[in-house]
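Visitor: Got a file for you: entry_1.json, JSON, N, CA and C atoms.
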[["chain", "number", "residue", "atom", "x", "y", "z"],
["A", 1, "MET", "N", 111.90, 101.83, 131.75],
["A", 1, "MET", "CA", 111.43, 100.99, 130.66],
["A", 1, "MET", "C", 112.22, 101.35, 129.41],
["A", 2, "SER", "N", 112.74, 100.35, 128.71],
["A", 2, "SER", "CA", 113.53, 100.59, 127.50],
["A", 2, "SER", "C", 112.63, 100.88, 126.32],
["A", 3, "PRO", "N", 113.11, 101.70, 125.36],
["A", 3, "PRO", "CA", 112.28, 102.02, 124.19],
["A", 3, "PRO", "C", 112.01, 100.79, 123.35],
["A", 4, "ASP", "N", 110.87, 100.81, 122.68],
["A", 4, "ASP", "CA", 110.48, 99.70, 121.80],
["A", 4, "ASP", "C", 111.34, 99.74, 120.55],
["A", 5, "PRO", "N", 112.03, 98.62, 120.18],
["A", 5, "PRO", "CA", 112.88, 98.63, 118.99],
["A", 5, "PRO", "C", 112.10, 98.92, 117.71],
["A", 6, "LYS", "N", 110.79, 98.66, 117.70],
["A", 6, "LYS", "CA", 109.97, 98.93, 116.52],
["A", 6, "LYS", "C", 109.91, 100.43, 116.22],
["A", 7, "ASP", "N", 110.09, 101.28, 117.26],
["A", 7, "ASP", "CA", 110.03, 102.72, 117.06],
["A", 7, "ASP", "C", 111.24, 103.26, 116.31],
["A", 8, "SER", "N", 112.37, 102.55, 116.38],
["A", 8, "SER", "CA", 113.59, 103.04, 115.73],
["A", 8, "SER", "C", 113.73, 102.54, 114.29],
["A", 9, "ILE", "N", 112.88, 101.62, 113.85],
["A", 9, "ILE", "CA", 112.94, 101.08, 112.50],
["A", 9, "ILE", "C", 112.18, 102.01, 111.55],
["A", 10, "THR", "N", 112.80, 102.32, 110.44],
["A", 10, "THR", "CA", 112.16, 103.18, 109.46],
["A", 10, "THR", "C", 111.81, 102.37, 108.22],
["A", 11, "PRO", "N", 110.52, 102.37, 107.82],
["A", 11, "PRO", "CA", 110.15, 101.61, 106.61],
["A", 11, "PRO", "C", 110.64, 102.33, 105.36],
["A", 12, "THR", "N", 110.90, 101.56, 104.31],
["A", 12, "THR", "CA", 111.26, 102.15, 103.02],
["A", 12, "THR", "C", 110.01, 102.82, 102.45],
["A", 13, "PRO", "N", 110.17, 103.69, 101.45],
["A", 13, "PRO", "CA", 108.97, 104.31, 100.84],
["A", 13, "PRO", "C", 107.99, 103.27, 100.31],
["A", 14, "ARG", "N", 108.48, 102.18, 99.71],
["A", 14, "ARG", "CA", 107.58, 101.15, 99.18],
["A", 14, "ARG", "C", 106.87, 100.41, 100.31],
["A", 15, "GLU", "N", 107.59, 100.13, 101.39],
["A", 15, "GLU", "CA", 106.96, 99.48, 102.55],
["A", 15, "GLU", "C", 105.88, 100.39, 103.15],
["A", 16, "ARG", "N", 106.17, 101.68, 103.22],
["A", 16, "ARG", "CA", 105.20, 102.64, 103.74],
["A", 16, "ARG", "C", 103.93, 102.65, 102.88],
["A", 17, "GLU", "N", 104.14, 102.59, 101.57],
["A", 17, "GLU", "CA", 103.02, 102.55, 100.62],
["A", 17, "GLU", "C", 102.16, 101.30, 100.85],
["A", 18, "LEU", "N", 102.83, 100.17, 100.99],
["A", 18, "LEU", "CA", 102.14, 98.91, 101.22],
["A", 18, "LEU", "C", 101.41, 98.93, 102.56],
["A", 19, "MET", "N", 102.07, 99.45, 103.59],
["A", 19, "MET", "CA", 101.46, 99.52, 104.92],
["A", 19, "MET", "C", 100.19, 100.38, 104.89],
["A", 20, "MET", "N", 100.24, 101.46, 104.12],
["A", 20, "MET", "CA", 99.07, 102.34, 104.00],
["A", 20, "MET", "C", 97.90, 101.59, 103.36],
["A", 21, "LEU", "N", 98.17, 100.84, 102.30],
["A", 21, "LEU", "CA", 97.10, 100.11, 101.62],
["A", 21, "LEU", "C", 96.56, 98.98, 102.49],
["A", 22, "ILE", "N", 97.43, 98.34, 103.26],
["A", 22, "ILE", "CA", 96.97, 97.31, 104.20],
["A", 22, "ILE", "C", 96.09, 97.96, 105.26],
["A", 23, "ALA", "N", 96.52, 99.11, 105.76],
["A", 23, "ALA", "CA", 95.75, 99.82, 106.79],
["A", 23, "ALA", "C", 94.38, 100.24, 106.26],
["A", 24, "ARG", "N", 94.28, 100.44, 104.96],
["A", 24, "ARG", "CA", 92.98, 100.79, 104.36],
["A", 24, "ARG", "C", 92.12, 99.55, 104.11],
["A", 25, "GLY", "N", 92.65, 98.37, 104.44],
["A", 25, "GLY", "CA", 91.87, 97.14, 104.35],
["A", 25, "GLY", "C", 91.89, 96.47, 102.99],
["A", 26, "MET", "N", 92.86, 96.83, 102.15],
["A", 26, "MET", "CA", 92.91, 96.25, 100.81],
["A", 26, "MET", "C", 93.48, 94.83, 100.83],
["A", 27, "GLN", "N", 92.98, 94.01, 99.92],
["A", 27, "GLN", "CA", 93.48, 92.65, 99.75],
["A", 27, "GLN", "C", 94.73, 92.67, 98.88],
["A", 28, "ASN", "N", 95.52, 91.59, 98.96],
["A", 28, "ASN", "CA", 96.76, 91.50, 98.17],
["A", 28, "ASN", "C", 96.51, 91.74, 96.69],
["A", 29, "LYS", "N", 95.43, 91.17, 96.15],
["A", 29, "LYS", "CA", 95.11, 91.31, 94.73],
["A", 29, "LYS", "C", 94.93, 92.79, 94.37],
["A", 30, "ASN", "N", 94.23, 93.53, 95.23],
["A", 30, "ASN", "CA", 93.98, 94.94, 94.97],
["A", 30, "ASN", "C", 95.23, 95.80, 95.17],
["A", 31, "ILE", "N", 96.05, 95.42, 96.14],
["A", 31, "ILE", "CA", 97.31, 96.13, 96.36],
["A", 31, "ILE", "C", 98.21, 95.94, 95.14],
["A", 32, "ALA", "N", 98.27, 94.70, 94.63],
["A", 32, "ALA", "CA", 99.08, 94.41, 93.44],
["A", 32, "ALA", "C", 98.61, 95.26, 92.26],
["A", 33, "TYR", "N", 97.31, 95.35, 92.06],
["A", 33, "TYR", "CA", 96.75, 96.14, 90.96],
["A", 33, "TYR", "C", 97.11, 97.62, 91.14],
["A", 34, "GLU", "N", 96.93, 98.12, 92.35],
["A", 34, "GLU", "CA", 97.20, 99.54, 92.65],
["A", 34, "GLU", "C", 98.67, 99.90, 92.43],
["A", 35, "LEU", "N", 99.57, 99.02, 92.84],
["A", 35, "LEU", "CA", 101.01, 99.31, 92.75],
["A", 35, "LEU", "C", 101.65, 98.78, 91.48],
["A", 36, "LYS", "N", 100.84, 98.10, 90.65],
["A", 36, "LYS", "CA", 101.32, 97.55, 89.38],
["A", 36, "LYS", "C", 102.48, 96.58, 89.59],
["A", 37, "ILE", "N", 102.29, 95.67, 90.58],
["A", 37, "ILE", "CA", 103.24, 94.61, 90.87],
["A", 37, "ILE", "C", 102.46, 93.31, 91.00],
["A", 38, "SER", "N", 103.15, 92.18, 91.06],
["A", 38, "SER", "CA", 102.46, 90.89, 91.17],
["A", 38, "SER", "C", 102.02, 90.65, 92.62],
["A", 39, "GLU", "N", 101.06, 89.74, 92.77],
["A", 39, "GLU", "CA", 100.62, 89.36, 94.12],
["A", 39, "GLU", "C", 101.76, 88.70, 94.89],
["A", 40, "ASN", "N", 102.62, 87.96, 94.18],
["A", 40, "ASN", "CA", 103.77, 87.35, 94.85],
["A", 40, "ASN", "C", 104.70, 88.41, 95.43],
["A", 41, "THR", "N", 104.88, 89.51, 94.70],
["A", 41, "THR", "CA", 105.72, 90.60, 95.18],
["A", 41, "THR", "C", 105.07, 91.25, 96.40],
["A", 42, "VAL", "N", 103.75, 91.40, 96.37],
["A", 42, "VAL", "CA", 103.03, 91.96, 97.53],
["A", 42, "VAL", "C", 103.26, 91.06, 98.74],
["A", 43, "ARG", "N", 103.11, 89.74, 98.56],
["A", 43, "ARG", "CA", 103.32, 88.81, 99.67],
["A", 43, "ARG", "C", 104.76, 88.89, 100.20],
["A", 44, "ALA", "N", 105.71, 89.05, 99.29],
["A", 44, "ALA", "CA", 107.11, 89.16, 99.70],
["A", 44, "ALA", "C", 107.33, 90.42, 100.54],
["A", 45, "HIS", "N", 106.76, 91.55, 100.08],
["A", 45, "HIS", "CA", 106.87, 92.80, 100.84],
["A", 45, "HIS", "C", 106.24, 92.65, 102.22],
["A", 46, "ILE", "N", 105.07, 92.04, 102.28],
["A", 46, "ILE", "CA", 104.38, 91.86, 103.56],
["A", 46, "ILE", "C", 105.23, 90.99, 104.49],
["A", 47, "GLY", "N", 105.81, 89.93, 103.95],
["A", 47, "GLY", "CA", 106.69, 89.08, 104.76],
["A", 47, "GLY", "C", 107.88, 89.85, 105.28],
["A", 48, "ASN", "N", 108.47, 90.70, 104.44],
["A", 48, "ASN", "CA", 109.61, 91.52, 104.87],
["A", 48, "ASN", "C", 109.21, 92.49, 105.98],
["A", 49, "ILE", "N", 108.05, 93.12, 105.83],
["A", 49, "ILE", "CA", 107.57, 94.05, 106.85],
["A", 49, "ILE", "C", 107.33, 93.30, 108.17],
["A", 50, "MET", "N", 106.73, 92.13, 108.08],
["A", 50, "MET", "CA", 106.42, 91.36, 109.30],
["A", 50, "MET", "C", 107.71, 90.93, 110.00],
["A", 51, "ARG", "N", 108.72, 90.53, 109.23],
["A", 51, "ARG", "CA", 110.00, 90.16, 109.84],
["A", 51, "ARG", "C", 110.69, 91.37, 110.45],
["A", 52, "LYS", "N", 110.71, 92.47, 109.71],
["A", 52, "LYS", "CA", 111.40, 93.67, 110.14],
["A", 52, "LYS", "C", 110.84, 94.19, 111.46],
["A", 53, "TYR", "N", 109.53, 94.16, 111.60],
["A", 53, "TYR", "CA", 108.87, 94.68, 112.81],
["A", 53, "TYR", "C", 108.50, 93.59, 113.80],
["A", 54, "ARG", "N", 108.81, 92.32, 113.46],
["A", 54, "ARG", "CA", 108.46, 91.17, 114.30],
["A", 54, "ARG", "C", 106.96, 91.13, 114.58],
["A", 55, "LEU", "N", 106.19, 91.18, 113.49],
["A", 55, "LEU", "CA", 104.73, 91.16, 113.58],
["A", 55, "LEU", "C", 104.21, 89.79, 113.18],
["A", 56, "GLN", "N", 102.94, 89.53, 113.51],
["A", 56, "GLN", "CA", 102.36, 88.23, 113.22],
["A", 56, "GLN", "C", 101.20, 88.29, 112.24],
["A", 57, "ASN", "N", 100.63, 89.47, 111.99],
["A", 57, "ASN", "CA", 99.49, 89.53, 111.07],
["A", 57, "ASN", "C", 99.32, 90.93, 110.48],
["A", 58, "ARG", "N", 98.44, 91.04, 109.52],
["A", 58, "ARG", "CA", 98.20, 92.29, 108.80],
["A", 58, "ARG", "C", 97.63, 93.38, 109.70],
["A", 59, "THR", "N", 96.85, 92.99, 110.68],
["A", 59, "THR", "CA", 96.27, 93.98, 111.60],
["A", 59, "THR", "C", 97.38, 94.71, 112.33],
["A", 60, "GLN", "N", 98.41, 93.99, 112.73],
["A", 60, "GLN", "CA", 99.53, 94.63, 113.40],
["A", 60, "GLN", "C", 100.27, 95.58, 112.46],
["A", 61, "ILE", "N", 100.36, 95.24, 111.19],
["A", 61, "ILE", "CA", 100.96, 96.15, 110.20],
["A", 61, "ILE", "C", 100.15, 97.45, 110.16],
["A", 62, "ALA", "N", 98.83, 97.34, 110.12],
["A", 62, "ALA", "CA", 97.97, 98.53, 110.08],
["A", 62, "ALA", "C", 98.15, 99.37, 111.33],
["A", 63, "ILE", "N", 98.29, 98.74, 112.48],
["A", 63, "ILE", "CA", 98.47, 99.48, 113.73],
["A", 63, "ILE", "C", 99.80, 100.22, 113.73],
["A", 64, "ILE", "N", 100.87, 99.54, 113.32],
["A", 64, "ILE", "CA", 102.19, 100.18, 113.25],
["A", 64, "ILE", "C", 102.13, 101.38, 112.31],
["A", 65, "TYR", "N", 101.47, 101.22, 111.15],
["A", 65, "TYR", "CA", 101.35, 102.32, 110.20],
["A", 65, "TYR", "C", 100.60, 103.49, 110.83],
["A", 66, "ALA", "N", 99.48, 103.20, 111.49],
["A", 66, "ALA", "CA", 98.67, 104.25, 112.11],
["A", 66, "ALA", "C", 99.47, 104.99, 113.19],
["A", 67, "LEU", "N", 100.24, 104.26, 113.97],
["A", 67, "LEU", "CA", 101.03, 104.91, 115.02],
["A", 67, "LEU", "C", 102.16, 105.75, 114.44],
["A", 68, "LYS", "N", 102.79, 105.27, 113.37],
["A", 68, "LYS", "CA", 103.89, 106.03, 112.77],
["A", 68, "LYS", "C", 103.41, 107.28, 112.03],
["A", 69, "THR", "N", 102.16, 107.26, 111.56],
["A", 69, "THR", "CA", 101.66, 108.40, 110.80],
["A", 69, "THR", "C", 100.76, 109.31, 111.63],
["A", 70, "ALA", "N", 100.56, 108.96, 112.90],
["A", 70, "ALA", "CA", 99.71, 109.79, 113.76],
["A", 70, "ALA", "C", 100.37, 111.15, 113.94],
["A", 71, "PRO", "N", 99.56, 112.21, 114.03],
["A", 71, "PRO", "CA", 100.13, 113.54, 114.28],
["A", 71, "PRO", "C", 100.95, 113.53, 115.57],
["A", 72, "LEU", "N", 101.98, 114.35, 115.61],
["A", 72, "LEU", "CA", 102.88, 114.41, 116.76],
["A", 72, "LEU", "C", 102.12, 114.64, 118.06],
["A", 73, "SER", "N", 101.08, 115.46, 118.02],
["A", 73, "SER", "CA", 100.32, 115.75, 119.24],
["A", 73, "SER", "C", 99.67, 114.48, 119.79],
["A", 74, "LEU", "N", 99.19, 113.60, 118.90],
["A", 74, "LEU", "CA", 98.59, 112.35, 119.37],
["A", 74, "LEU", "C", 99.65, 111.41, 119.93],
["A", 75, "ARG", "N", 100.83, 111.41, 119.31],
["A", 75, "ARG", "CA", 101.89, 110.54, 119.80],
["A", 75, "ARG", "C", 102.35, 110.99, 121.17],
["A", 76, "ARG", "N", 102.42, 112.30, 121.41],
["A", 76, "ARG", "CA", 102.80, 112.80, 122.73],
["A", 76, "ARG", "C", 101.75, 112.42, 123.76],
["A", 77, "ASP", "N", 100.46, 112.55, 123.39],
["A", 77, "ASP", "CA", 99.37, 112.19, 124.30],
["A", 77, "ASP", "C", 99.45, 110.71, 124.63],
["A", 78, "ARG", "N", 99.78, 109.89, 123.64],
["A", 78, "ARG", "CA", 99.86, 108.45, 123.86],
["A", 78, "ARG", "C", 100.95, 108.12, 124.87],
["A", 79, "SER", "N", 102.10, 108.78, 124.76],
["A", 79, "SER", "CA", 103.20, 108.48, 125.68],
["A", 79, "SER", "C", 102.88, 108.96, 127.09],
["A", 80, "ARG", "N", 102.17, 110.07, 127.22],
["A", 80, "ARG", "CA", 101.78, 110.56, 128.55],
["A", 80, "ARG", "C", 100.77, 109.63, 129.21],
["A", 81, "SER", "N", 99.88, 109.06, 128.41],
["A", 81, "SER", "CA", 98.83, 108.22, 128.98],
["A", 81, "SER", "C", 99.28, 106.77, 129.14],
["A", 82, "ALA", "N", 100.56, 106.47, 128.85],
["A", 82, "ALA", "CA", 101.05, 105.10, 129.00],
["A", 82, "ALA", "C", 100.92, 104.63, 130.45],
["A", 83, "ALA", "N", 101.04, 105.56, 131.39],
["A", 83, "ALA", "CA", 100.89, 105.19, 132.80],
["A", 83, "ALA", "C", 99.44, 104.87, 133.13],
["A", 84, "ASN", "N", 98.51, 105.42, 132.33],
["A", 84, "ASN", "CA", 97.09, 105.20, 132.56],
["A", 84, "ASN", "C", 96.47, 104.69, 131.26],
["A", 85, "PRO", "N", 96.56, 103.37, 130.96],
["A", 85, "PRO", "CA", 96.08, 102.82, 129.69],
["A", 85, "PRO", "C", 94.61, 103.07, 129.43],
["A", 86, "ALA", "N", 93.82, 103.26, 130.47],
["A", 86, "ALA", "CA", 92.38, 103.48, 130.27],
["A", 86, "ALA", "C", 92.12, 104.82, 129.59],
["A", 87, "ALA", "N", 93.10, 105.75, 129.64],
["A", 87, "ALA", "CA", 92.91, 107.07, 129.06],
["A", 87, "ALA", "C", 93.10, 107.07, 127.54],
["A", 88, "VAL", "N", 93.71, 106.03, 126.98],
["A", 88, "VAL", "CA", 93.97, 105.97, 125.55],
["A", 88, "VAL", "C", 92.67, 105.63, 124.81],
["A", 89, "LYS", "N", 92.37, 106.40, 123.77],
["A", 89, "LYS", "CA", 91.18, 106.16, 122.96],
["A", 89, "LYS", "C", 91.61, 105.96, 121.52],
["A", 90, "PRO", "N", 91.99, 104.72, 121.14],
["A", 90, "PRO", "CA", 92.53, 104.48, 119.80],
["A", 90, "PRO", "C", 91.57, 104.82, 118.68],
["A", 91, "ALA", "N", 90.28, 104.67, 118.90],
["A", 91, "ALA", "CA", 89.32, 104.97, 117.84],
["A", 91, "ALA", "C", 89.37, 106.44, 117.46],
["A", 92, "GLN", "N", 89.68, 107.30, 118.40],
["A", 92, "GLN", "CA", 89.77, 108.73, 118.10],
["A", 92, "GLN", "C", 91.07, 109.06, 117.38],
["A", 93, "ALA", "N", 92.10, 108.23, 117.57],
["A", 93, "ALA", "CA", 93.41, 108.51, 116.98],
["A", 93, "ALA", "C", 93.46, 108.19, 115.49],
["A", 94, "LEU", "N", 92.60, 107.31, 115.02],
["A", 94, "LEU", "CA", 92.63, 106.90, 113.62],
["A", 94, "LEU", "C", 91.68, 107.76, 112.79],
["A", 95, "ALA", "N", 92.21, 108.38, 111.77],
["A", 95, "ALA", "CA", 91.38, 109.21, 110.88],
["A", 95, "ALA", "C", 90.74, 108.33, 109.82],
["A", 96, "GLN", "N", 89.60, 108.75, 109.31],
["A", 96, "GLN", "CA", 88.94, 108.04, 108.23],
["A", 96, "GLN", "C", 89.79, 108.20, 106.97],
["A", 97, "ALA", "N", 90.18, 107.09, 106.38],
["A", 97, "ALA", "CA", 90.96, 107.12, 105.14],
["A", 97, "ALA", "C", 90.01, 107.08, 103.95],
["A", 98, "PRO", "N", 90.31, 107.86, 102.90],
["A", 98, "PRO", "CA", 89.46, 107.82, 101.72],
["A", 98, "PRO", "C", 89.54, 106.45, 101.05],
["A", 99, "ARG", "N", 88.48, 106.04, 100.41],
["A", 99, "ARG", "CA", 88.43, 104.76, 99.73],
["A", 99, "ARG", "C", 89.34, 104.77, 98.51],
["A", 100, "VAL", "N", 90.00, 103.66, 98.28],
["A", 100, "VAL", "CA", 90.90, 103.51, 97.15],
["A", 100, "VAL", "C", 90.20, 102.62, 96.12],
["A", 101, "PRO", "N", 90.24, 103.00, 94.82],
["A", 101, "PRO", "CA", 89.61, 102.14, 93.81],
["A", 101, "PRO", "C", 90.25, 100.76, 93.82],
["A", 102, "THR", "N", 89.45, 99.75, 93.62],
["A", 102, "THR", "CA", 89.95, 98.38, 93.64],
["A", 102, "THR", "C", 90.06, 97.83, 92.22],
["A", 103, "ALA", "N", 90.74, 96.70, 92.13],
["A", 103, "ALA", "CA", 90.92, 96.06, 90.82],
["A", 103, "ALA", "C", 89.59, 95.57, 90.29],
["A", 104, "PRO", "N", 89.40, 95.63, 88.98],
["A", 104, "PRO", "CA", 88.16, 95.12, 88.40],
["A", 104, "PRO", "C", 88.07, 93.61, 88.61],
["A", 105, "GLU", "N", 86.87, 93.12, 88.77],
["A", 105, "GLU", "CA", 86.66, 91.68, 89.02],
["A", 105, "GLU", "C", 86.94, 90.87, 87.79]]
Using structure tokens, write down the structure that the file contains.

Guide:
Amino acid sequence: MSPDPKDSITPTPRERELMMLIARGMQNKNIAYELKISENTVRAHIGNIMRKYRLQNRTQIAIIYALKTAPLSLRRDRSRSAANPAAVKPAQALAQAPRVPTAPE
């Protein structure tokens, strides 16, 4: 089986920042406020990330971020259990992220 091309792509520091905030469930408006950029810029970054990784939605961005930031031990376990998909427990792999303050209404 050939390696997944998504594994060899490295996000820029700004893309990583955006991916983290998306993974925390933040809306574009709140991401813009947090990063002190416009919502249009947030949408542009999200579009770039989706093209770069060939993704279709924000949930996939969050998954890619979680997999790239998972501790090495979890990534090794994931590759070993690829032969047995029932052994993978994704809920255990994701750590609780602290809440980020949102933009005022």

Visitor: In Å, rounded to a single decimal, give me how far atom CA of A:Glu34 is from atom CA of A:Arg54.

Guide: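 So the answer is 25.8 Å.
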
Visitor: Report, in Å with one decimal, the straight-line distance from atom N of A:Asn28 to atom N of A:Pro71.

Guide: 25.9 Å

Visitor: Contacts of stretch 56-61 of chain A at 7 Å or less, counting only C-alpha atoms, minus same-chain residues fewer than 6 places along, as a PyMOL selection string?

Guide: chain A and resi 19+22+50

Visitor: Go ahead and compute the interatomic distance for atom CA of A:Thr41 and atom CA of A:Ala66, in Å to one decimal.

Guide: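 Here the two named atoms are 22.9 Å from each other.
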
Visitor: Give the answer as one residue: which of A:Ser8, A:Asn40, A:Gln27, A:Thr69 has the shortest atom-to-atom distance to A:Lys52, using only C-alpha atoms?

Guide: A:Ser8

Visitor: Out of A:Glu15, A:Ser73, A:Tyr65, A:Ala23, which residue has the shortest atom-to-atom distance to A:Leu35 when counting only C-alpha atoms?

Guide: A:Glu15
